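Engineer: Below you'll find entry-v2.tsv; it's TSV, C-alpha atoms.
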```
chain	number	residue	atom	x	y	z
W	130	HIS	CA	30.76	-2.34	24.82
W	131	ARG	CA	27.65	-0.23	24.37
W	132	ALA	CA	26.39	-1.24	20.94
W	133	ALA	CA	22.87	0.12	21.03
W	134	PRO	CA	20.86	1.87	23.73
W	135	PRO	CA	17.26	0.69	24.19
W	136	ALA	CA	14.25	2.65	23.11
W	137	ALA	CA	10.96	3.50	24.74
W	138	ALA	CA	7.45	2.69	23.56
W	139	ALA	CA	4.09	4.47	23.01
W	140	PRO	CA	0.49	3.27	22.23
W	141	THR	CA	-0.14	1.22	19.10
W	142	GLY	CA	-1.26	3.01	15.97
W	143	SER	CA	-0.31	6.51	17.10
W	144	PRO	CA	2.99	8.13	16.03
W	145	THR	CA	3.78	9.29	19.50
W	146	THR	CA	6.50	8.53	21.96
W	147	LYS	CA	6.83	8.43	25.67
W	148	PRO	CA	9.78	9.12	27.97
W	149	SER	CA	12.56	6.65	27.25
W	150	GLY	CA	12.96	5.29	30.74
W	151	ALA	CA	13.77	1.87	29.29
W	152	SER	CA	16.71	3.44	27.48
W	153	GLU	CA	18.27	4.77	30.64
W	154	ALA	CA	17.56	1.67	32.69
W	155	SER	CA	19.24	-0.74	30.31
W	156	LYS	CA	22.43	1.31	30.07
W	157	ALA	CA	23.48	-0.36	33.30
W	158	ALA	CA	23.93	-3.61	31.38
W	159	GLY	CA	26.37	-1.95	28.98
W	160	ALA	CA	27.68	1.56	29.46
W	161	SER	CA	26.24	4.99	30.13
W	162	GLU	CA	26.19	8.01	27.85
W	163	ALA	CA	29.11	10.39	28.17
W	164	SER	CA	26.87	13.35	28.83
W	165	PRO	CA	23.32	13.66	30.11
W	166	SER	CA	20.57	13.64	27.53
W	167	VAL	CA	19.25	17.07	26.64
W	168	GLY	CA	15.78	17.96	25.49
W	169	PRO	CA	14.80	16.36	22.18
W	170	ALA	CA	15.09	18.27	18.95
W	171	ALA	CA	11.79	19.10	17.34
W	172	GLY	CA	10.92	16.72	14.55
W	173	PRO	CA	8.33	16.44	11.80
W	174	PRO	CA	5.22	14.34	12.25
W	175	ALA	CA	6.03	10.65	12.44
W	176	ALA	CA	3.74	9.73	9.59
W	177	ARG	CA	2.62	11.57	6.48
W	178	ALA	CA	1.24	10.83	3.06
W	179	HIS	CA	3.74	10.32	0.23
W	180	ALA	CA	3.17	11.31	-3.35
W	181	PRO	CA	3.81	8.41	-5.73
W	182	SER	CA	7.40	8.41	-6.93
W	183	ALA	CA	10.05	6.14	-8.41
W	184	TYR	CA	11.92	6.35	-5.11
W	185	ARG	CA	9.40	4.19	-3.31
W	186	LEU	CA	10.64	0.88	-4.61
W	187	ARG	CA	7.91	-1.42	-3.42
W	188	PRO	CA	4.81	0.32	-2.07
W	189	LEU	CA	2.59	-2.26	-0.44
W	190	ALA	CA	-1.05	-2.68	-1.34
W	191	GLY	CA	-1.75	-3.75	2.22
W	192	TYR	CA	-0.07	-4.68	5.47
W	193	GLY	CA	-0.34	-7.62	7.76
W	194	GLY	CA	-2.07	-10.78	6.67
W	195	ALA	CA	-1.38	-14.42	7.43
W	196	HIS	CA	1.87	-15.05	9.27
W	197	ASN	CA	4.38	-16.87	7.10
W	198	ALA	CA	7.40	-17.77	9.20
W	199	ARG	CA	10.78	-17.67	7.49
W	200	ALA	CA	12.54	-20.95	6.89
W	201	PRO	CA	15.12	-21.84	9.55
W	202	LEU	CA	18.73	-21.03	8.65
W	203	LYS	CA	22.05	-22.61	9.44
W	204	VAL	CA	23.21	-21.69	12.95
W	205	ARG	CA	26.23	-19.41	12.78
W	206	HIS	CA	28.97	-19.15	15.39
W	207	GLU	CA	29.74	-15.46	14.86
W	208	PRO	CA	27.89	-12.47	13.43
W	209	ILE	CA	28.53	-10.98	10.00
W	210	LEU	CA	30.81	-7.96	10.35
W	211	ARG	CA	31.03	-6.72	6.78
W	212	MET	CA	29.61	-7.46	3.34
W	213	ASP	CA	31.23	-9.01	0.30
W	214	PHE	CA	29.76	-7.16	-2.66
W	215	GLY	CA	32.36	-8.39	-5.10
W	216	ARG	CA	35.71	-7.17	-6.25
W	217	GLY	CA	35.77	-3.53	-7.27
W	218	ASP	CA	32.34	-2.70	-5.84
W	219	ARG	CA	32.70	0.33	-3.56
W	220	ALA	CA	29.52	-0.45	-1.66
W	221	MET	CA	28.73	0.25	1.99
W	222	VAL	CA	25.76	-0.35	4.30
W	223	LEU	CA	24.32	2.18	6.76
W	224	THR	CA	22.44	0.83	9.78
W	225	PHE	CA	20.43	2.54	12.51
W	226	ASP	CA	19.48	0.93	15.83
W	227	ASP	CA	16.86	1.27	18.56
W	228	GLY	CA	14.07	3.11	16.75
W	229	PRO	CA	11.80	4.14	15.46
W	230	ASP	CA	11.62	7.46	17.31
W	231	PRO	CA	9.35	10.19	15.89
W	232	ARG	CA	11.79	12.86	17.06
W	233	TYR	CA	14.71	11.62	14.94
W	234	THR	CA	13.76	8.78	12.57
W	235	PRO	CA	11.73	11.03	10.20
W	236	HIS	CA	14.77	13.31	9.77
W	237	ILE	CA	16.95	10.31	8.88
W	238	LEU	CA	14.36	8.98	6.44
W	239	ARG	CA	14.13	12.40	4.82
W	240	THR	CA	17.90	12.60	4.32
W	241	LEU	CA	18.09	9.09	2.87
W	242	ARG	CA	15.22	9.90	0.53
W	243	LYS	CA	16.93	13.09	-0.62
W	244	HIS	CA	19.98	11.12	-1.75
W	245	ASP	CA	18.03	8.11	-3.09
W	246	VAL	CA	19.67	5.79	-0.55
W	247	ARG	CA	18.35	2.74	1.26
W	248	ALA	CA	19.51	1.67	4.74
W	249	MET	CA	18.80	-0.88	7.48
W	250	PHE	CA	16.81	-0.07	10.62
W	251	PHE	CA	17.14	-2.50	13.53
W	252	VAL	CA	14.03	-1.77	15.55
W	253	CYS	CA	13.09	-2.49	19.15
W	254	GLY	CA	9.58	-3.88	19.42
W	255	GLU	CA	8.53	-1.79	22.39
W	256	GLN	CA	9.39	1.35	20.40
W	257	ALA	CA	8.00	0.12	17.11
W	258	GLU	CA	4.68	-0.81	18.71
W	259	TRP	CA	3.95	2.85	19.34
W	260	ASN	CA	5.30	4.05	15.97
W	261	ARG	CA	3.97	1.61	13.39
W	262	ASP	CA	3.49	4.37	10.82
W	263	LEU	CA	7.25	4.83	10.77
W	264	LEU	CA	7.72	1.10	10.11
W	265	ARG	CA	5.38	1.40	7.15
W	266	GLU	CA	7.28	4.44	5.92
W	267	MET	CA	10.57	2.50	6.12
W	268	ALA	CA	9.08	-0.39	4.16
W	269	ASP	CA	7.49	1.87	1.55
W	270	ASP	CA	10.83	3.63	1.02
W	271	GLY	CA	12.59	0.33	0.39
W	272	HIS	CA	14.62	0.13	3.59
W	273	ILE	CA	15.29	-3.14	5.42
W	274	ILE	CA	13.68	-3.52	8.84
W	275	GLY	CA	15.78	-5.69	11.14
W	276	ASN	CA	15.04	-7.19	14.56
W	277	HIS	CA	16.76	-5.68	17.63
W	278	THR	CA	14.66	-7.49	20.30
W	279	TRP	CA	11.66	-6.12	22.16
W	280	THR	CA	13.19	-4.36	25.19
W	281	HIS	CA	16.93	-4.26	24.34
W	282	PRO	CA	18.15	-6.62	27.08
W	283	LEU	CA	21.57	-8.23	27.41
W	284	LEU	CA	20.45	-11.53	25.91
W	285	ILE	CA	23.44	-13.58	27.06
W	286	ARG	CA	22.15	-13.17	30.62
W	287	LYS	CA	18.61	-14.29	29.80
W	288	THR	CA	16.97	-17.71	29.77
W	289	PRO	CA	16.34	-19.41	26.41
W	290	ALA	CA	12.61	-18.77	26.84
W	291	ARG	CA	13.19	-15.05	27.41
W	292	VAL	CA	15.60	-14.86	24.46
W	293	ARG	CA	13.00	-16.38	22.15
W	294	SER	CA	10.23	-14.15	23.46
W	295	GLU	CA	12.31	-10.99	22.96
W	296	ILE	CA	13.19	-11.89	19.37
W	297	GLU	CA	9.99	-13.59	18.21
W	298	ARG	CA	7.70	-10.91	19.60
W	299	THR	CA	9.46	-8.21	17.58
W	300	SER	CA	9.43	-10.31	14.40
W	301	ASP	CA	5.70	-10.84	14.82
W	302	LEU	CA	5.06	-7.12	15.26
W	303	VAL	CA	7.09	-6.21	12.17
W	304	HIS	CA	5.31	-8.86	10.12
W	305	ASP	CA	1.88	-7.77	11.33
W	306	THR	CA	2.73	-4.14	10.50
W	307	VAL	CA	4.43	-4.35	7.09
W	308	GLY	CA	3.55	-7.85	5.91
W	309	GLU	CA	7.06	-9.29	6.08
W	310	ALA	CA	9.09	-10.62	9.00
W	311	PRO	CA	12.69	-9.45	9.48
W	312	ALA	CA	15.46	-11.39	7.74
W	313	TRP	CA	18.24	-9.81	9.82
W	314	PHE	CA	18.92	-9.67	13.56
W	315	ARG	CA	21.28	-7.57	15.65
W	316	ALA	CA	21.86	-8.47	19.30
W	317	PRO	CA	21.74	-5.57	21.78
W	318	TYR	CA	25.24	-4.51	22.83
W	319	GLY	CA	26.61	-6.81	20.13
W	320	ALA	CA	26.35	-9.69	22.61
W	321	TRP	CA	25.65	-13.10	21.02
W	322	ASN	CA	25.93	-16.61	22.44
W	323	ARG	CA	24.91	-20.04	21.12
W	324	CYS	CA	21.35	-19.67	22.36
W	325	VAL	CA	20.94	-16.34	20.56
W	326	PHE	CA	22.47	-17.64	17.32
W	327	ARG	CA	20.26	-20.73	17.43
W	328	THR	CA	17.07	-18.79	18.17
W	329	GLN	CA	17.51	-16.21	15.42
W	330	ALA	CA	18.39	-18.99	12.93
W	331	GLU	CA	15.24	-20.90	13.87
W	332	LEU	CA	13.28	-17.71	13.18
W	333	GLY	CA	14.94	-17.28	9.77
W	334	MET	CA	17.29	-14.37	10.51
W	335	GLU	CA	20.98	-13.78	9.85
W	336	PRO	CA	23.11	-12.03	12.52
W	337	LEU	CA	24.56	-8.69	11.47
W	338	ALA	CA	27.08	-6.77	13.57
W	339	TRP	CA	29.12	-3.85	12.16
W	340	THR	CA	32.51	-2.75	10.89
W	341	VAL	CA	32.46	0.93	11.88
W	342	ASP	CA	30.98	2.02	15.21
W	343	THR	CA	30.27	5.75	15.27
W	344	THR	CA	29.67	5.55	19.06
W	345	ASP	CA	27.09	8.26	18.43
W	346	TRP	CA	25.22	7.05	21.54
W	347	LYS	CA	27.91	8.85	23.56
W	348	ARG	CA	27.06	12.10	21.78
W	349	PRO	CA	30.73	12.85	20.99
W	350	GLY	CA	29.87	15.75	18.70
W	351	THR	CA	28.61	15.91	15.13
W	352	ASP	CA	32.08	16.47	13.66
W	353	THR	CA	33.45	13.40	15.47
W	354	ILE	CA	30.66	11.19	14.12
W	355	ILE	CA	31.29	12.48	10.61
W	356	ARG	CA	35.03	11.86	10.90
W	357	ARG	CA	34.55	8.28	12.16
W	358	VAL	CA	32.33	7.38	9.23
W	359	LEU	CA	34.56	8.96	6.59
W	360	ASP	CA	37.77	7.55	8.11
W	361	GLY	CA	36.25	4.08	8.29
W	362	ALA	CA	34.73	4.10	4.81
W	363	ALA	CA	35.78	1.13	2.66
W	364	PRO	CA	34.14	-1.46	0.41
W	365	GLY	CA	31.88	-3.81	2.37
W	366	VAL	CA	31.82	-1.70	5.52
W	367	VAL	CA	28.73	-1.76	7.75
W	368	VAL	CA	28.26	1.47	9.71
W	369	LEU	CA	26.49	1.48	13.08
W	370	SER	CA	24.50	4.57	14.11
W	371	HIS	CA	21.34	5.17	16.14
W	372	ASP	CA	18.00	6.84	15.55
W	373	ALA	CA	16.62	6.35	19.07
W	374	GLY	CA	17.57	5.45	22.64
W	375	GLY	CA	18.48	8.99	23.66
W	376	ASN	CA	19.13	12.39	22.11
W	377	ARG	CA	20.10	11.58	18.53
W	378	SER	CA	20.23	15.11	17.12
W	379	GLN	CA	24.00	14.73	16.49
W	380	SER	CA	23.40	11.52	14.55
W	381	VAL	CA	20.77	13.25	12.42
W	382	ALA	CA	23.05	16.22	11.70
W	383	ALA	CA	26.07	14.02	10.95
W	384	LEU	CA	24.18	11.96	8.36
W	385	ARG	CA	23.30	15.11	6.43
W	386	THR	CA	27.01	15.79	5.98
W	387	TYR	CA	28.72	12.40	5.63
W	388	LEU	CA	26.17	10.80	3.30
W	389	PRO	CA	26.71	13.19	0.35
W	390	ARG	CA	30.46	13.09	0.99
W	391	LEU	CA	30.48	9.29	0.77
W	392	ILE	CA	28.56	9.47	-2.49
W	393	ASP	CA	30.97	12.12	-3.85
W	394	LYS	CA	33.85	9.78	-2.99
W	395	GLY	CA	32.31	7.12	-5.21
W	396	TYR	CA	30.72	4.90	-2.58
W	397	ARG	CA	27.48	3.13	-3.35
W	398	ILE	CA	25.28	3.07	-0.25
W	399	THR	CA	23.14	-0.03	-0.54
W	400	LEU	CA	21.56	-3.01	1.18
W	401	PRO	CA	23.06	-6.46	1.81
W	402	ARG	CA	22.34	-9.25	-0.59
W	403	PRO	CA	20.49	-12.26	0.77
W	404	GLN	CA	23.07	-14.64	2.19
W	405	GLY	CA	24.15	-17.36	-0.20
W	406	VAL	CA	23.38	-15.27	-3.30
```
Any chance you could give the structure as structure tokens?
Structural biologist:
Amino acid sequence: HRAAPPAAAAPTGSPTTKPSGASEASKAAGASEASPSVGPAAGPPAARAHAPSAYRLRPLAGYGGAHNARAPLKVRHEPILRMDFGRGDRAMVLTFDDGPDPRYTPHILRTLRKHDVRAMFFVCGEQAEWNRDLLREMADDGHIIGNHTWTHPLLIRKTPARVRSEIERTSDLVHDTVGEAPAWFRAPYGAWNRCVFRTQAELGMEPLAWTVDTTDWKRPGTDTIIRRVLDGAAPGVVVLSHDAGGNRSQSVAALRTYLPRLIDKGYRITLPRPQGV
């Protein structure tokens, strides 16, 4: 099962990208896209100044600082598939994997901002390293930044040392960029084993999978992505989409349509509560 295609990287501090060769190479470990990737859609600059607003829930006075590792957590045996927000709460969670990508992530952030919605972004370190301004924008807008490894490998085929390096390196980069390490982890391709569960728990992260897979990485068409989200909508659902790892113009366009429709249907698009709360 192809859960999330890998993303490419570009030089630190500059909101640029480079050809996503890593994305194509790692598809061999999962599955390949249904159609060849076309040229990227033009996007806005990756970083820009924001005017102060109530939308930006927790603007940070500064980034980085001393590294404070999260406390180890209990080792789980399976990932979380959906959220329990309480009886009668029509709440859902939107998640985006593999970014950030300056061609598509800014469009997604703009749409979420328009509808006053927060989401989760599971980032690949090699992509985030070249697009740190987008990480800061996510944090400033109140989104959750999750860990999706450094190079998007199939972790269940890697040594424990490699597993830890892939996960820890990305947590360190996120912490150094926005001042807080990720509290959530998503394994590439949705592939967990005991080593992966143990490592992420030691690094203070909970494992989050998904309830609804849009399979937008296959580029099935904007209407198909919209239909999958709306048909799968229900309280506690976690939706998987992508903002990088290939041509994500369909994912961008679909969000513009299904997000306001979900809100009109009475769904509250929100973030997960800390586990145990």
Engineer: Name the residues within 12 Å of (33.3, -10.7, 7.0), counting all atoms listed in the file in the file's coordinates, and put them as a ChimeraX atom specification.
Structural biologist: /W:207-214,336-340,364-367,404
Engineer: Determine, counting all atoms listed in the file, which protein, DNA and RNA residues have an atom within 6 Å of an atom of stretch 266-279 of chain W; residues of the same chain fewer than 5 positions away are not included. Present the result as an NGL selection string.
Structural biologist: :W and (185-188 or 247-255 or 295-296 or 299 or 311 or 313-315)
Engineer: If I take atom CA of W:Thr234 and atom CA of W:Ala383, how far is one from the other in Å, to one decimal?
Structural biologist: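 That distance, rounded to one decimal, is 13.5 Å.
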Engineer: Within 9 Å of W:Leu263, counting all atoms listed in the file, which residues qualify if same-chain residues fewer than 2 places away don't, as an MDAnalysis selection string?
Structural biologist: chainID W and resid 144 175:176 229:231 234:235 257 260:261 265:268
Engineer: Which residue gives the smallest distance to W:Val204 among W:Glu309, W:Asp301, W:Asp360, W:Glu335, with only C-alpha atoms counted?
Structural biologist: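 Under the stated criterion, the closest residue is W:Glu335.
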Engineer: Rounded to one decimal in Å, what is the spacing between atom CA of W:His371 and atom CA of W:Leu359?
Structural biologist: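 One can read the atom CA of W:His371 to atom CA of W:Leu359 distance as 16.7 Å.
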Engineer: Expressed in Å to a single decimal, how great is the separation between atom CA of W:Trp346 and atom CA of W:Leu388?
Structural biologist: 18.6 Å
Engineer: Listing only residues of stretch 219-308 of chain W within 10 Å of stretch 319-323 of chain W, what is the closest atom pair and its distance in Å (to one decimal) for each, using only C-alpha atoms, sorted by chain and residue number ascending, as a Markdown table?
Structural biologist:
```
| residue | atom | partner | partner_atom | distance |
| --- | --- | --- | --- | --- |
| W:Pro282 | CA | W:Ala320 | CA | 9.8 |
| W:Leu283 | CA | W:Ala320 | CA | 6.9 |
| W:Leu284 | CA | W:Ala320 | CA | 7.0 |
| W:Ile285 | CA | W:Asn322 | CA | 6.1 |
| W:Arg286 | CA | W:Asn322 | CA | 9.6 |
```
Engineer: Write out the residues from the selection above, keeping C-alpha atoms, as a PDB file, in the coordinates of the input.
Structural biologist:
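Result went into selection.pdb, see below:
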```pdb
ATOM      1  CA  PRO W 282      18.150  -6.620  27.080  1.00  0.00           C
ATOM      2  CA  LEU W 283      21.570  -8.230  27.410  1.00  0.00           C
ATOM      3  CA  LEU W 284      20.450 -11.530  25.910  1.00  0.00           C
ATOM      4  CA  ILE W 285      23.440 -13.580  27.060  1.00  0.00           C
ATOM      5  CA  ARG W 286      22.150 -13.170  30.620  1.00  0.00           C
TER       6      ARG W 286
END
```
Engineer: When you count all atoms listed in the file, which of these residues is closest to W:Arg219: W:Val325, W:Leu400, W:Lys394, W:Ala200?
Structural biologist: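 With all atoms listed in the file as the atom set, the closest residue is W:Lys394.
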Engineer: Could you name the residues that touch W:Thr240 at 9 Å or less, counting only C-alpha atoms, but leaving out those on the same chain fewer than 5 positions away, as a PDB file with C-alpha atoms, in the coordinates of the input?
Structural biologist:
```
ATOM      1  CA  PRO W 235      11.730  11.030  10.200  1.00  0.00           C
ATOM      2  CA  ASP W 245      18.030   8.110  -3.090  1.00  0.00           C
ATOM      3  CA  VAL W 246      19.670   5.790  -0.550  1.00  0.00           C
ATOM      4  CA  VAL W 381      20.770  13.250  12.420  1.00  0.00           C
ATOM      5  CA  LEU W 384      24.180  11.960   8.360  1.00  0.00           C
ATOM      6  CA  ARG W 385      23.300  15.110   6.430  1.00  0.00           C
ATOM      7  CA  LEU W 388      26.170  10.800   3.300  1.00  0.00           C
TER       8      LEU W 388
END
```
Engineer: Considering only C-alpha atoms, state which residue in the set W:Glu258, W:Thr288, W:Leu332, W:Arg293 is at the smallest distance from W:Asp305.
Structural biologist: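 Residue with the minimum atom-to-atom distance to W:Asp305: W:Glu258.
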Engineer: Please determine, counting only C-alpha atoms, which residue among W:Ile392, W:Cys324, W:Leu369, W:Met334 has the shortest atom-to-atom distance to W:Val222.
Structural biologist: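 Closest to W:Val222, using only C-alpha atoms: W:Leu369.
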Engineer: Can you sort out the box for stretch 252-271 of chain W, edges along x, y and z, all listed atoms in, 3 Å on every side, with centre and edge lengths in Å to one decimal, as JSON?
Structural biologist:
```
{"center_x": 8.8, "center_y": 0.5, "center_z": 11.4, "size_x": 16.5, "size_y": 14.7, "size_z": 28.0}
```
